[in-house]
Amino acid sequence: MKNQSFQKAPHALRGEIAIPGDKSISHRAIMLGSLAKGKTVITNFLDGEDCLHTIDIFRAFGVSIEQKGKTVTIESDGYAHFTEPKTPLYFGNSGTTARLMLGILSGLPLFTTLYGDPYLTVRPMERVLTPLSLMGASIDGRENGHYLPMAVRGKRLQSITYELPVKSAQVKSAVLLAGLFADGTTRVIEQAKTRDHTENMLRAFGADLTVDGLQVSITNKNTLSPDDVLVPGDISSAAFFIVAAALVKDSKVTFKNVGLNETRTGILDVLHQMGADIQILNEREVSGEVLGDILVTYKKLQSTTIDGTLMPRLIDEIPIIALLATQAEGVTVIKDAEELRVKETDRIKAVVDVLSTLGARVEETEDGMIIHGQKTLHGGEIKSYHDHRIAMMGVIASLITTDDVILDDTSSINISYPSFFEDLNKLIAKNDRG
């Protein structure tokens with residue numbers, strides 16, 4: 001929706017909400033469930049726009065996929081029986097779908113063309129194409145193959161050992177997925193541990209995969225077998241309301257069944273560093289992923305420094321963490337976050353612009369930002385940059401501003417959190433009822 005106005009929260013946020021399914025895991029469950037021969041049932045699937053595009057892509061290969069709300073049933077004859085799509089594959093705004101699918105499409109004996117919306121079309125793909133080309137992939141695209149639209153002629157691939165030049169789970173995943181179709185052993189060596197949902201799910205589906213420290217290896221020896229998947233709540237989505245509870249005085253909120261994979265919980269580590277009151281309850285492991293309930297109680301916070309190996313574990317949460325830092329005592333420094341410049345938008349520039357417009361004192365640096373805390377935010381007109389995380393950050397900021405926040409467009413929020421406003425209203429309404 002265009003030009004929506006948001007007001008300060010009338011009082012504390014209270015109650016509990018169940019966070020929508022993890023976007024990263026939902027994508028991967030559709031991909032591997034479609035590649036495997038047999039029936040896979042996915043529960044708590046995220047029915048956001050990005051993940052729905054992934055479903056549509058595999059339907060184009062002839063895979064039977066039935067969706068009823070948050071439950072998805074896949075009946076597949078396996079990738080050996082995929083049919084060649086007659087029309088181009090549309091990826092919407094999903095960089096995850098694009099980069100991971102390039103790994104899969106490179107090894108399928110099919111010709112495919114792929115494109116996305118105007119925002120995905122300007123996101124760089126060369127970081128994925130470089131290792132895939134070394135494996136023998138045949139991929140071409142705009143500006144020497146660096147950008148969508150692209151064409152892929154799948155073929156038999158060769159294994160490689162590849163040291164990641166960037167801290168990127170998407171690049172790692174693309175190479176590992178291509179390794180399912182490559183002769184020999186494909187190895188990926190990371191600079192620092194990034195999210196490992198791909199490794200966890202590949203193991204669950206029976207792939208021949210091993211992890212040794214920062215090295216992940218895979219072969220094409222094993223045929224993938226179907227496996228039912230329970231998708232935990234997305235901690236990247238929960239982060240917005242976790243921060244809301246930490247920002248709005250006297251708030252107390254419980255978030256149910258949130259994924260607690262250690263490669264994704266950097267935001268909880270940062271909040272602990274800042275002195276937040278956070279408790280983890282009912283922790284358990286399901287479908288190879290750890291999940292539990294998170295209880296957040298309002299408490300005044302201190303500034304911190306966020307950098308180094310912590311960054312891959314919270315890269316998507318930096319926008320909302322930056323908002324939190326505007327209210328903490330002291331100066332918060334965020335660095336080693338250059339990856340933010342190649343997200344849905346240049347998120348460093350976007351965050352600095354939005355928070356500065358609202359009255360924060362924020363300095364942009366080459367690889368991050370410097371945020372001076374305990375600043376009163378006054379509201380104003382801000383841009384979403386058609387980035388779901390920037391849009392949600394703007395809405396959460398409105399809970400503490402002295403005047404209204406007017407956001408140019410909120411439609412991007414449907415990409416990852418279709419029930420965002422419904423959940424926000426629940427927390428406000430719960431307190432209204434006492």
# chains A, B, ... in the order shown; residues from 1 in each chain; ligands from 1
call {"tool": "select_by_dssp", "arguments": {"residues": "region 63-281 of chain A", "states": "strand (DSSP E)", "output": "ChimeraX atom specification"}}
result
/A:64-68,71-77,89-90,111-115,139-141,147-153,157-158,161-163,182-183,186-189,209-212,215-218,229-230,252-259,277-281
call {"tool": "write_last_selection", "arguments": {"atoms": "C-alpha atoms", "output": "mmCIF file, in the first residue's frame"}}
result
data_model
loop_
_atom_site.group_PDB
_atom_site.id
_atom_site.type_symbol
_atom_site.label_atom_id
_atom_site.label_comp_id
_atom_site.auth_asym_id
_atom_site.auth_seq_id
_atom_site.Cartn_x
_atom_site.Cartn_y
_atom_site.Cartn_z
ATOM 1 C CA SER A 64 2.944 -31.775 -8.433
ATOM 2 C CA ILE A 65 2.822 -29.269 -5.573
ATOM 3 C CA GLU A 66 -0.364 -28.662 -3.581
ATOM 4 C CA GLN A 67 -0.543 -25.793 -1.108
ATOM 5 C CA LYS A 68 -3.228 -25.468 1.551
ATOM 6 C CA THR A 71 0.984 -26.897 4.479
ATOM 7 C CA VAL A 72 2.604 -27.887 1.187
ATOM 8 C CA THR A 73 2.531 -31.404 -0.273
ATOM 9 C CA ILE A 74 5.029 -32.287 -2.993
ATOM 10 C CA GLU A 75 4.631 -35.390 -5.198
ATOM 11 C CA SER A 76 7.698 -35.706 -7.404
ATOM 12 C CA ASP A 77 9.074 -38.350 -9.745
ATOM 13 C CA LEU A 89 10.957 -18.804 -14.998
ATOM 14 C CA TYR A 90 10.004 -15.760 -12.911
ATOM 15 C CA PHE A 111 17.392 -25.340 -21.155
ATOM 16 C CA THR A 112 15.863 -22.634 -18.963
ATOM 17 C CA THR A 113 15.568 -18.879 -19.035
ATOM 18 C CA LEU A 114 15.025 -16.842 -15.888
ATOM 19 C CA TYR A 115 14.131 -13.291 -14.957
ATOM 20 C CA ILE A 139 25.134 -19.680 -18.177
ATOM 21 C CA ASP A 140 24.709 -16.424 -20.034
ATOM 22 C CA GLY A 141 23.032 -13.183 -19.059
ATOM 23 C CA TYR A 147 22.749 -9.906 -14.232
ATOM 24 C CA LEU A 148 19.294 -11.308 -14.961
ATOM 25 C CA PRO A 149 17.675 -12.112 -17.342
ATOM 26 C CA MET A 150 19.753 -15.266 -17.822
ATOM 27 C CA ALA A 151 19.748 -18.436 -19.863
ATOM 28 C CA VAL A 152 21.069 -21.767 -18.555
ATOM 29 C CA ARG A 153 21.806 -24.865 -20.625
ATOM 30 C CA LEU A 157 29.274 -30.799 -14.095
ATOM 31 C CA GLN A 158 32.720 -31.386 -12.642
ATOM 32 C CA THR A 161 37.263 -27.138 -4.350
ATOM 33 C CA TYR A 162 36.191 -23.543 -3.880
ATOM 34 C CA GLU A 163 37.255 -21.043 -1.227
ATOM 35 C CA ALA A 182 28.863 -33.117 -10.411
ATOM 36 C CA ASP A 183 31.345 -35.970 -10.821
ATOM 37 C CA THR A 186 32.751 -30.825 -4.462
ATOM 38 C CA ARG A 187 34.231 -28.886 -1.549
ATOM 39 C CA VAL A 188 33.389 -25.399 -0.276
ATOM 40 C CA ILE A 189 35.677 -23.658 2.205
ATOM 41 C CA LEU A 209 27.490 -34.549 2.630
ATOM 42 C CA THR A 210 30.121 -34.001 5.312
ATOM 43 C CA VAL A 211 31.102 -30.941 7.343
ATOM 44 C CA ASP A 212 34.612 -30.525 8.734
ATOM 45 C CA GLN A 215 34.822 -27.089 4.885
ATOM 46 C CA VAL A 216 31.675 -28.674 3.463
ATOM 47 C CA SER A 217 31.916 -31.573 0.979
ATOM 48 C CA ILE A 218 29.256 -33.220 -1.186
ATOM 49 C CA VAL A 229 9.834 -30.813 7.015
ATOM 50 C CA LEU A 230 8.543 -28.690 9.909
ATOM 51 C CA LYS A 252 6.702 -8.086 27.495
ATOM 52 C CA VAL A 253 6.246 -10.425 24.526
ATOM 53 C CA THR A 254 6.730 -14.162 23.888
ATOM 54 C CA PHE A 255 7.585 -15.418 20.398
ATOM 55 C CA LYS A 256 6.595 -19.055 19.842
ATOM 56 C CA ASN A 257 8.528 -21.756 17.985
ATOM 57 C CA VAL A 258 11.300 -19.544 16.578
ATOM 58 C CA GLY A 259 14.284 -21.107 14.806
ATOM 59 C CA ASP A 277 16.240 -9.100 29.097
ATOM 60 C CA ILE A 278 15.795 -12.181 26.880
ATOM 61 C CA GLN A 279 14.923 -15.723 27.918
ATOM 62 C CA ILE A 280 14.860 -18.872 25.762
ATOM 63 C CA LEU A 281 12.112 -21.344 26.729
#
call {"tool": "closest_atom_pairs", "arguments": {"of": "region 164-211 of chain A", "to": "region 33-39 of chain A", "cutoff": "12 Å", "atoms": "only C-alpha atoms", "output": "JSON lines"}}
result
{"residue": "A:Leu177", "atom": "CA", "partner": "A:Leu35", "partner_atom": "CA", "distance": 10.5}
{"residue": "A:Leu180", "atom": "CA", "partner": "A:Leu35", "partner_atom": "CA", "distance": 10.2}
{"residue": "A:Phe181", "atom": "CA", "partner": "A:Leu35", "partner_atom": "CA", "distance": 11.3}
{"residue": "A:Met201", "atom": "CA", "partner": "A:Gly33", "partner_atom": "CA", "distance": 9.9}
{"residue": "A:Leu202", "atom": "CA", "partner": "A:Gly33", "partner_atom": "CA", "distance": 10.2}
{"residue": "A:Ala204", "atom": "CA", "partner": "A:Gly33", "partner_atom": "CA", "distance": 10.7}
{"residue": "A:Phe205", "atom": "CA", "partner": "A:Ala36", "partner_atom": "CA", "distance": 7.6}
{"residue": "A:Gly206", "atom": "CA", "partner": "A:Ala36", "partner_atom": "CA", "distance": 9.4}
{"residue": "A:Ala207", "atom": "CA", "partner": "A:Ala36", "partner_atom": "CA", "distance": 10.2}
call {"tool": "atom_distance", "arguments": {"atom1": "CA of Leu268 (chain A)", "atom2": "CA of Arg123 (chain A)"}}
result
28.8 Å
call {"tool": "residues_around", "arguments": {"residues": "Ser106 (chain A)", "least_positions_apart": "3", "cutoff": "6 Å", "atoms": "only C-alpha atoms", "output": "ChimeraX atom specification"}}
result
/A:102-103,137,154
call {"tool": "closest_atom_pairs", "arguments": {"of": "region 307-327 of chain A", "to": "region 393-397 of chain A", "cutoff": "12 Å", "atoms": "only C-alpha atoms", "output": "CSV"}}
result
residue,atom,partner,partner_atom,distance
A:Asp316,CA,A:Met393,CA,11.6
A:Glu317,CA,A:Met393,CA,9.7
A:Ile318,CA,A:Met393,CA,10.0
A:Pro319,CA,A:Met393,CA,6.6
A:Ile320,CA,A:Met393,CA,5.4
A:Ile321,CA,A:Met393,CA,9.1
A:Ala322,CA,A:Met393,CA,9.2
A:Leu323,CA,A:Ala397,CA,7.0
A:Leu324,CA,A:Ala397,CA,8.9
A:Ala325,CA,A:Ala397,CA,11.6
A:Thr326,CA,A:Ala397,CA,10.1
A:Gln327,CA,A:Ala397,CA,10.6
call {"tool": "select_by_dssp", "arguments": {"residues": "region 231-428 of chain A", "states": "alpha helix (DSSP H)", "output": "MDAnalysis selection string"}}
result
chainID A and resid 235:247 266:273 318:325 347:357 388:397 420:428
call {"tool": "closest_atom_pairs", "arguments": {"of": "region 255-350 of chain A", "to": "region 95-99 of chain A", "cutoff": "12 Å", "atoms": "only C-alpha atoms", "output": "JSON lines"}}
result
{"residue": "A:Val342", "atom": "CA", "partner": "A:Gly95", "partner_atom": "CA", "distance": 10.1}
{"residue": "A:Lys343", "atom": "CA", "partner": "A:Gly95", "partner_atom": "CA", "distance": 8.1}
{"residue": "A:Glu344", "atom": "CA", "partner": "A:Gly95", "partner_atom": "CA", "distance": 7.8}
{"residue": "A:Thr345", "atom": "CA", "partner": "A:Gly95", "partner_atom": "CA", "distance": 11.3}
call {"tool": "atom_distance", "arguments": {"atom1": "CA of Thr43 (chain A)", "atom2": "CA of Met392 (chain A)"}}
result
25.1 Å
call {"tool": "residues_around", "arguments": {"residues": "Leu110 (chain A)", "least_positions_apart": "6", "cutoff": "12 Å", "atoms": "only C-alpha atoms", "output": "PyMOL selection string"}}
result
chain A and resi 61+79-86+104+138+151-156
call {"tool": "write_last_selection", "arguments": {"atoms": "N, CA and C atoms", "output": "short mmCIF file (atom, residue, chain, number, x, y, z; two decimals), in the first residue's frame"}}
result
data_model
loop_
_atom_site.label_atom_id
_atom_site.label_comp_id
_atom_site.auth_asym_id
_atom_site.auth_seq_id
_atom_site.Cartn_x
_atom_site.Cartn_y
_atom_site.Cartn_z
N PHE A 61 8.40 -27.38 -13.96
CA PHE A 61 9.16 -28.58 -14.32
C PHE A 61 8.28 -29.82 -14.31
N TYR A 79 14.17 -35.45 -10.06
CA TYR A 79 14.64 -34.49 -11.07
C TYR A 79 14.93 -35.14 -12.42
N ALA A 80 15.16 -36.45 -12.43
CA ALA A 80 15.44 -37.13 -13.70
C ALA A 80 14.22 -37.08 -14.63
N HIS A 81 13.06 -36.80 -14.07
CA HIS A 81 11.83 -36.77 -14.86
C HIS A 81 11.28 -35.35 -15.05
N PHE A 82 12.08 -34.34 -14.71
CA PHE A 82 11.64 -32.96 -14.95
C PHE A 82 11.42 -32.74 -16.45
N THR A 83 10.41 -31.96 -16.78
CA THR A 83 10.19 -31.55 -18.16
C THR A 83 10.72 -30.13 -18.36
N GLU A 84 11.15 -29.85 -19.58
CA GLU A 84 11.73 -28.54 -19.87
C GLU A 84 10.63 -27.47 -19.90
N PRO A 85 10.77 -26.40 -19.12
CA PRO A 85 9.73 -25.36 -19.10
C PRO A 85 9.59 -24.70 -20.48
N LYS A 86 8.35 -24.42 -20.86
CA LYS A 86 8.10 -23.79 -22.16
C LYS A 86 8.18 -22.28 -22.10
N ILE A 104 21.22 -25.42 -9.15
CA ILE A 104 20.43 -26.58 -9.56
C ILE A 104 20.30 -26.64 -11.09
N SER A 138 27.01 -23.77 -18.10
CA SER A 138 26.80 -22.93 -19.29
C SER A 138 25.69 -21.93 -18.99
N ALA A 151 20.09 -17.17 -19.21
CA ALA A 151 19.75 -18.44 -19.86
C ALA A 151 20.74 -19.49 -19.39
N VAL A 152 20.23 -20.68 -19.06
CA VAL A 152 21.07 -21.77 -18.55
C VAL A 152 20.82 -23.01 -19.41
N ARG A 153 21.90 -23.58 -19.95
CA ARG A 153 21.81 -24.87 -20.63
C ARG A 153 22.50 -25.89 -19.73
N GLY A 154 21.69 -26.66 -19.01
CA GLY A 154 22.24 -27.59 -18.02
C GLY A 154 23.05 -28.70 -18.65
N LYS A 155 24.05 -29.18 -17.90
CA LYS A 155 24.95 -30.21 -18.42
C LYS A 155 25.62 -30.93 -17.26
N ARG A 156 26.32 -31.98 -17.55
CA ARG A 156 27.07 -32.72 -16.52
C ARG A 156 28.19 -31.82 -16.00
#
call {"tool": "closest_residue", "arguments": {"among": "A:Val175, A:Val63, A:Leu427, A:Ala169", "to": "Leu129 (chain A)", "atoms": "only C-alpha atoms"}}
result
A:Val175
call {"tool": "residues_around", "arguments": {"residues": "Arg14 (chain A)", "least_positions_apart": "3", "cutoff": "12 Å", "atoms": "only C-alpha atoms", "output": "number ranges by chain"}}
result
A: 9-11, 17, 241-242, 244-246, 248-255, 295-298, 423-434
call {"tool": "write_last_selection", "arguments": {"atoms": "C-alpha atoms", "output": "compact mmCIF listing (two decimals), in the first residue's frame"}}
result
# COMPACT_ATOMS: atom_id res chain seq x y z
CA ALA A 9 2.26 2.88 20.14
CA PRO A 10 -0.36 3.92 22.72
CA HIS A 11 1.42 1.89 25.40
CA ILE A 17 2.66 -14.45 18.68
CA PHE A 241 9.03 -7.56 17.08
CA ILE A 242 11.87 -8.64 19.36
CA ALA A 244 9.86 -3.59 19.26
CA ALA A 245 9.50 -5.25 22.68
CA ALA A 246 13.00 -4.05 23.61
CA VAL A 248 8.72 0.21 23.86
CA LYS A 249 8.72 0.81 27.61
CA ASP A 250 7.08 -1.85 29.84
CA SER A 251 6.65 -4.31 26.95
CA LYS A 252 6.70 -8.09 27.49
CA VAL A 253 6.25 -10.43 24.53
CA THR A 254 6.73 -14.16 23.89
CA PHE A 255 7.59 -15.42 20.40
CA LEU A 295 10.56 -14.08 25.91
CA VAL A 296 11.57 -10.41 25.68
CA THR A 297 10.97 -7.91 28.49
CA TYR A 298 11.72 -4.19 28.08
CA ASP A 423 0.69 -9.62 14.46
CA LEU A 424 1.54 -6.02 15.36
CA ASN A 425 -2.13 -5.27 16.02
CA LYS A 426 -2.40 -8.39 18.20
CA LEU A 427 0.35 -7.13 20.49
CA ILE A 428 -1.24 -3.69 20.75
CA ALA A 429 -4.78 -5.07 21.16
CA LYS A 430 -3.65 -7.53 23.84
CA ASN A 431 -2.52 -4.66 26.01
CA ASP A 432 -5.75 -2.75 25.29
CA ARG A 433 -7.67 -5.65 26.84
CA GLY A 434 -5.44 -5.51 29.90
call {"tool": "closest_residue", "arguments": {"among": "A:Thr87, A:Ser173, A:Asn144, A:Gln191", "to": "Leu100 (chain A)", "atoms": "only C-alpha atoms"}}
result
A:Ser173
call {"tool": "atom_distance", "arguments": {"atom1": "CA of Gly359 (chain A)", "atom2": "CA of Thr376 (chain A)"}}
result
6.9 Å
